Amino acid sequence: MIRVLLVDDHPVVRRGLRAMVDDLPDVEAVGEAADGAEALRLLQDGLRPDVVLMDLQMGAGMHGVEATRRITALPGPPAVLILTTYSTDADILAAVEAGATGYLLKDAPPEDVATAVHAAARGETVLAPPVAARLLGRVRAGRPTLSPREAEILGLLAEGLANKQISRRLFISEATVKTHLVHLYGKLGVDSRTAAIAAGLAAGLIRAV
């Protein structure tokens with residue numbers, strides 16, 4: 001079973017999400033939170049979801065980007081899947097840079113949300129088509145040119161490999177992997193693994209799994 005924590009400041013929305021999640025045969029909602037601070041407390045108190053479905057703007061409470069940043073900094077964190085009505089470039093990039101595994105819009109069909117939850121639980125990056133289109137628009141003007149090795153490492157990042165695993169796969173040192181990552185991040189204009197994967201997907205440098 002994939003365990004999901006629902007984070008949204010609207011009780012009606014949470015009830016709808018819980019009904020949708022609980023209707024799936026292999027997914028269960030294990031908790032609800034009205035804002036990011038409450039979600040963090042639940043996680044720190046021992047709740048262990050596989051995926052957090054996170055809204056972005058939540059009234060006066062901790063917003064989704066900050067909550068995502070704090071959650072992904074925890075030891076062995078769950079995947080954070082943004083589910084929101086906001087689709088501006090700033091919102092998307094802030095969430096991805098904070099460590100969100102995926103970004104969906106609330107008007108997405110239930111089957112798309114279900115597919116995204118499964119993908120997030122596997123560690124895959126999920127972007128709604130409008131979100132991917134916005135990211136693509138940002139990189140089209142100057143599509144980065146990666147070296148063969150950088151492209152190879154980007155593909156391995158998308159597979160979910162850690163630096164040590166990449167070094168073993170490519171028969172290079174971890175220090176060399178880190179050097180390539182610095183160059184890769186610079187070319188893509190990002191500063192995290194998740195953001196690099198999202199940018200790579202948007203630019204067509206890697207394909208969705």
# chains A, B, ... in the order shown; residues from 1 in each chain; ligands from 1

call {"tool": "residues_around", "arguments": {"residues": "Val52 (chain A)", "least_positions_apart": "3", "cutoff": "12 Å", "atoms": "only C-alpha atoms", "output": "number ranges by chain"}}
result
A: 2-8, 17, 21, 28-33, 35-36, 39-40, 42-43, 47-49, 55, 64, 67-68, 71-72, 77-83, 100-103, 116-118, 120-121

call {"tool": "select_by_dssp", "arguments": {"residues": "region 55-171 of chain A", "states": "helix (DSSP H, G or I)", "output": "PyMOL selection string"}}
result
chain A and resi 64-72+89-98+110-121+129-140+148-158+163-170

call {"tool": "residues_around", "arguments": {"residues": "Ile206 (chain A)", "least_positions_apart": "6", "cutoff": "10 Å", "atoms": "only C-alpha atoms", "output": "list of chain:residue names"}}
result
A:Ala151, A:Glu152, A:Leu154, A:Gly155, A:Leu156, A:Ala158, A:Ile197, A:Ala198, A:Ala199, A:Gly200

call {"tool": "residues_around", "arguments": {"residues": "Ala128 (chain A)", "least_positions_apart": "3", "cutoff": "9 Å", "atoms": "only C-alpha atoms", "output": "PDB file with all heavy atoms, in the first residue's frame"}}
result
ATOM      1  N   GLY A 102       6.977  16.275  -7.881  1.00  0.00           N
ATOM      2  CA  GLY A 102       6.082  16.507  -9.006  1.00  0.00           C
ATOM      3  C   GLY A 102       5.200  17.711  -8.778  1.00  0.00           C
ATOM      4  O   GLY A 102       5.153  18.278  -7.676  1.00  0.00           O
ATOM      5  N   TYR A 103       4.480  18.111  -9.828  1.00  0.00           N
ATOM      6  CA  TYR A 103       3.665  19.320  -9.775  1.00  0.00           C
ATOM      7  C   TYR A 103       2.436  19.087 -10.644  1.00  0.00           C
ATOM      8  O   TYR A 103       2.534  18.944 -11.860  1.00  0.00           O
ATOM      9  CB  TYR A 103       4.466  20.509 -10.299  1.00  0.00           C
ATOM     10  CG  TYR A 103       3.949  21.877  -9.913  1.00  0.00           C
ATOM     11  CD1 TYR A 103       4.641  22.671  -9.012  1.00  0.00           C
ATOM     12  CD2 TYR A 103       2.779  22.393 -10.468  1.00  0.00           C
ATOM     13  CE1 TYR A 103       4.185  23.933  -8.665  1.00  0.00           C
ATOM     14  CE2 TYR A 103       2.308  23.646 -10.124  1.00  0.00           C
ATOM     15  CZ  TYR A 103       3.024  24.419  -9.219  1.00  0.00           C
ATOM     16  OH  TYR A 103       2.575  25.668  -8.880  1.00  0.00           O
ATOM     17  N   LEU A 104       1.274  19.013 -10.005  1.00  0.00           N
ATOM     18  CA  LEU A 104       0.014  18.807 -10.708  1.00  0.00           C
ATOM     19  C   LEU A 104      -0.946  19.950 -10.408  1.00  0.00           C
ATOM     20  O   LEU A 104      -0.817  20.624  -9.383  1.00  0.00           O
ATOM     21  CB  LEU A 104      -0.647  17.497 -10.264  1.00  0.00           C
ATOM     22  CG  LEU A 104       0.040  16.183 -10.618  1.00  0.00           C
ATOM     23  CD1 LEU A 104      -0.798  15.031 -10.082  1.00  0.00           C
ATOM     24  CD2 LEU A 104       0.229  16.044 -12.108  1.00  0.00           C
ATOM     25  N   LEU A 105      -1.902  20.134 -11.295  1.00  0.00           N
ATOM     26  CA  LEU A 105      -2.937  21.141 -11.086  1.00  0.00           C
ATOM     27  C   LEU A 105      -4.208  20.451 -10.613  1.00  0.00           C
ATOM     28  O   LEU A 105      -4.483  19.299 -10.964  1.00  0.00           O
ATOM     29  CB  LEU A 105      -3.188  21.913 -12.380  1.00  0.00           C
ATOM     30  CG  LEU A 105      -1.951  22.618 -12.952  1.00  0.00           C
ATOM     31  CD1 LEU A 105      -2.310  23.348 -14.243  1.00  0.00           C
ATOM     32  CD2 LEU A 105      -1.356  23.588 -11.934  1.00  0.00           C
ATOM     33  N   ALA A 108      -6.686  18.434 -12.718  1.00  0.00           N
ATOM     34  CA  ALA A 108      -6.248  17.185 -13.352  1.00  0.00           C
ATOM     35  C   ALA A 108      -7.275  16.087 -13.073  1.00  0.00           C
ATOM     36  O   ALA A 108      -7.852  16.021 -11.989  1.00  0.00           O
ATOM     37  CB  ALA A 108      -4.877  16.766 -12.811  1.00  0.00           C
ATOM     38  N   ASP A 112      -5.172  10.851 -13.474  1.00  0.00           N
ATOM     39  CA  ASP A 112      -3.841  11.449 -13.600  1.00  0.00           C
ATOM     40  C   ASP A 112      -3.197  11.627 -12.224  1.00  0.00           C
ATOM     41  O   ASP A 112      -1.992  11.429 -12.060  1.00  0.00           O
ATOM     42  CB  ASP A 112      -3.922  12.805 -14.304  1.00  0.00           C
ATOM     43  CG  ASP A 112      -4.203  12.671 -15.798  1.00  0.00           C
ATOM     44  OD1 ASP A 112      -4.304  11.520 -16.271  1.00  0.00           O
ATOM     45  OD2 ASP A 112      -4.312  13.711 -16.475  1.00  0.00           O
ATOM     46  N   VAL A 131       2.407  22.428 -16.856  1.00  0.00           N
ATOM     47  CA  VAL A 131       3.610  22.771 -16.093  1.00  0.00           C
ATOM     48  C   VAL A 131       4.848  22.483 -16.927  1.00  0.00           C
ATOM     49  O   VAL A 131       5.776  23.295 -17.021  1.00  0.00           O
ATOM     50  CB  VAL A 131       3.651  21.975 -14.773  1.00  0.00           C
ATOM     51  CG1 VAL A 131       4.977  22.177 -14.057  1.00  0.00           C
ATOM     52  CG2 VAL A 131       2.488  22.396 -13.878  1.00  0.00           C
ATOM     53  N   ALA A 132       4.873  21.317 -17.578  1.00  0.00           N
ATOM     54  CA  ALA A 132       6.001  20.973 -18.433  1.00  0.00           C
ATOM     55  C   ALA A 132       6.140  21.992 -19.569  1.00  0.00           C
ATOM     56  O   ALA A 132       7.251  22.377 -19.947  1.00  0.00           O
ATOM     57  CB  ALA A 132       5.813  19.571 -19.004  1.00  0.00           C
ATOM     58  N   ALA A 133       4.993  22.453 -20.098  1.00  0.00           N
ATOM     59  CA  ALA A 133       5.029  23.430 -21.184  1.00  0.00           C
ATOM     60  C   ALA A 133       5.647  24.748 -20.723  1.00  0.00           C
ATOM     61  O   ALA A 133       6.408  25.383 -21.448  1.00  0.00           O
ATOM     62  CB  ALA A 133       3.616  23.663 -21.719  1.00  0.00           C
TER      63      ALA A 133
END

call {"tool": "closest_residue", "arguments": {"among": "A:Gly61, A:Pro130, A:Gly99, A:Pro75", "to": "Ala196 (chain A)", "atoms": "only C-alpha atoms"}}
result
A:Gly99

call {"tool": "residues_around", "arguments": {"residues": "Ala114 (chain A)", "least_positions_apart": "3", "cutoff": "9 Å", "atoms": "only C-alpha atoms", "output": "PyMOL selection string"}}
result
chain A and resi 20-21+24+27+109-111+117-119

call {"tool": "write_last_selection", "arguments": {"atoms": "C-alpha atoms", "output": "mmCIF file, in the first residue's frame"}}
result
data_model
loop_
_atom_site.group_PDB
_atom_site.id
_atom_site.type_symbol
_atom_site.label_atom_id
_atom_site.label_comp_id
_atom_site.auth_asym_id
_atom_site.auth_seq_id
_atom_site.Cartn_x
_atom_site.Cartn_y
_atom_site.Cartn_z
ATOM 1 C CA MET A 20 -10.404 9.742 -4.251
ATOM 2 C CA VAL A 21 -7.300 8.268 -2.600
ATOM 3 C CA LEU A 24 -7.751 3.340 -5.098
ATOM 4 C CA VAL A 27 -3.323 3.649 -1.882
ATOM 5 C CA PRO A 109 -8.448 14.092 -13.826
ATOM 6 C CA PRO A 110 -8.456 11.688 -10.854
ATOM 7 C CA GLU A 111 -6.712 9.028 -12.927
ATOM 8 C CA VAL A 117 0.987 9.297 -6.781
ATOM 9 C CA HIS A 118 2.279 5.933 -7.959
ATOM 10 C CA ALA A 119 5.107 7.572 -9.907
#

call {"tool": "select_by_dssp", "arguments": {"residues": "region 1-208 of chain A", "states": "strand (DSSP E)", "output": "list in words"}}
result
Ile2, Arg3, Val4, Leu5, Leu6, Val7, Val27, Glu28, Ala29, Val30, Gly31, Glu32, Ala33, Val51, Val52, Leu53, Met54, Ala79, Val80, Leu81, Ile82, Leu83, Thr84, Gly102, Tyr103, Leu104, Leu105, Val126 and Leu127 of chain A

call {"tool": "write_last_selection", "arguments": {"atoms": "N, CA and C atoms", "output": "compact mmCIF listing (two decimals), in the first residue's frame"}}
result
# COMPACT_ATOMS: atom_id res chain seq x y z
N ILE A 2 0.48 2.23 -0.81
CA ILE A 2 1.15 3.53 -0.82
C ILE A 2 0.42 4.43 0.18
N ARG A 3 1.16 4.93 1.15
CA ARG A 3 0.59 5.76 2.22
C ARG A 3 0.71 7.23 1.84
N VAL A 4 -0.39 7.98 1.95
CA VAL A 4 -0.44 9.37 1.50
C VAL A 4 -0.89 10.29 2.62
N LEU A 5 -0.18 11.42 2.76
CA LEU A 5 -0.57 12.49 3.67
C LEU A 5 -1.15 13.63 2.84
N LEU A 6 -2.34 14.10 3.19
CA LEU A 6 -3.03 15.16 2.45
C LEU A 6 -2.83 16.49 3.17
N VAL A 7 -2.34 17.50 2.44
CA VAL A 7 -2.08 18.81 3.06
C VAL A 7 -2.79 19.89 2.24
N VAL A 27 -3.72 2.37 -2.47
CA VAL A 27 -3.32 3.65 -1.88
C VAL A 27 -4.24 3.93 -0.70
N GLU A 28 -3.68 4.49 0.37
CA GLU A 28 -4.50 4.87 1.51
C GLU A 28 -4.05 6.20 2.08
N ALA A 29 -5.02 7.03 2.50
CA ALA A 29 -4.71 8.29 3.17
C ALA A 29 -4.47 7.99 4.64
N VAL A 30 -3.29 8.34 5.12
CA VAL A 30 -2.94 8.03 6.51
C VAL A 30 -2.94 9.27 7.40
N GLY A 31 -3.24 10.44 6.83
CA GLY A 31 -3.28 11.64 7.64
C GLY A 31 -3.69 12.84 6.84
N GLU A 32 -4.11 13.90 7.54
CA GLU A 32 -4.49 15.16 6.92
C GLU A 32 -3.87 16.31 7.70
N ALA A 33 -3.55 17.39 7.01
CA ALA A 33 -3.02 18.59 7.66
C ALA A 33 -3.57 19.81 6.95
N VAL A 51 4.05 9.40 0.23
CA VAL A 51 3.85 10.58 -0.61
C VAL A 51 3.06 11.62 0.17
N VAL A 52 3.46 12.88 0.04
CA VAL A 52 2.69 14.00 0.60
C VAL A 52 2.06 14.76 -0.56
N LEU A 53 0.72 14.83 -0.57
CA LEU A 53 0.01 15.66 -1.56
C LEU A 53 -0.12 17.04 -0.96
N MET A 54 0.59 18.01 -1.54
CA MET A 54 0.77 19.32 -0.90
C MET A 54 0.18 20.46 -1.74
N ALA A 79 8.14 11.47 -0.67
CA ALA A 79 8.06 12.30 -1.87
C ALA A 79 6.99 13.36 -1.66
N VAL A 80 7.23 14.57 -2.16
CA VAL A 80 6.24 15.63 -2.06
C VAL A 80 5.70 15.93 -3.46
N LEU A 81 4.40 15.74 -3.61
CA LEU A 81 3.73 15.98 -4.88
C LEU A 81 2.83 17.19 -4.73
N ILE A 82 3.16 18.26 -5.43
CA ILE A 82 2.36 19.49 -5.34
C ILE A 82 1.06 19.30 -6.12
N LEU A 83 -0.05 19.66 -5.49
CA LEU A 83 -1.37 19.63 -6.14
C LEU A 83 -2.04 20.95 -5.84
N THR A 84 -2.10 21.83 -6.84
CA THR A 84 -2.49 23.22 -6.59
C THR A 84 -3.22 23.81 -7.78
N GLY A 102 6.98 16.28 -7.88
CA GLY A 102 6.08 16.51 -9.01
C GLY A 102 5.20 17.71 -8.78
N TYR A 103 4.48 18.11 -9.83
CA TYR A 103 3.66 19.32 -9.78
C TYR A 103 2.44 19.09 -10.64
N LEU A 104 1.27 19.01 -10.01
CA LEU A 104 0.01 18.81 -10.71
C LEU A 104 -0.95 19.95 -10.41
N LEU A 105 -1.90 20.13 -11.30
CA LEU A 105 -2.94 21.14 -11.09
C LEU A 105 -4.21 20.45 -10.61
N VAL A 126 7.15 13.94 -11.78
CA VAL A 126 5.87 14.02 -12.48
C VAL A 126 5.52 15.48 -12.71
N LEU A 127 5.27 15.84 -13.96
CA LEU A 127 4.87 17.21 -14.28
C LEU A 127 3.60 17.20 -15.11

call {"tool": "residues_around", "arguments": {"residues": "Leu181 (chain A)", "least_positions_apart": "6", "cutoff": "9 Å", "atoms": "only C-alpha atoms", "output": "NGL selection string"}}
result
:A and (150 or 153-154 or 193)

call {"tool": "write_last_selection", "arguments": {"atoms": "N, CA, C and O atoms", "output": "PDB file, in the first residue's frame"}}
result
ATOM      1  N   GLU A 150      27.725  14.433 -19.096  1.00  0.00           N
ATOM      2  CA  GLU A 150      26.698  15.155 -18.347  1.00  0.00           C
ATOM      3  C   GLU A 150      25.312  14.621 -18.680  1.00  0.00           C
ATOM      4  O   GLU A 150      24.470  14.450 -17.794  1.00  0.00           O
ATOM      5  N   ILE A 153      24.878  11.327 -16.923  1.00  0.00           N
ATOM      6  CA  ILE A 153      24.619  11.508 -15.490  1.00  0.00           C
ATOM      7  C   ILE A 153      23.202  12.023 -15.255  1.00  0.00           C
ATOM      8  O   ILE A 153      22.516  11.586 -14.324  1.00  0.00           O
ATOM      9  N   LEU A 154      22.728  12.921 -16.106  1.00  0.00           N
ATOM     10  CA  LEU A 154      21.359  13.412 -15.978  1.00  0.00           C
ATOM     11  C   LEU A 154      20.370  12.256 -16.110  1.00  0.00           C
ATOM     12  O   LEU A 154      19.386  12.173 -15.360  1.00  0.00           O
ATOM     13  N   ARG A 193      18.852  18.182  -7.492  1.00  0.00           N
ATOM     14  CA  ARG A 193      18.671  17.031  -8.367  1.00  0.00           C
ATOM     15  C   ARG A 193      17.281  17.026  -8.997  1.00  0.00           C
ATOM     16  O   ARG A 193      17.130  16.803 -10.200  1.00  0.00           O
TER      17      ARG A 193
END

call {"tool": "closest_residue", "arguments": {"among": "A:Thr115, A:Gln57, A:Thr125, A:Thr88", "to": "Ala202 (chain A)", "atoms": "only C-alpha atoms"}}
result
A:Thr125
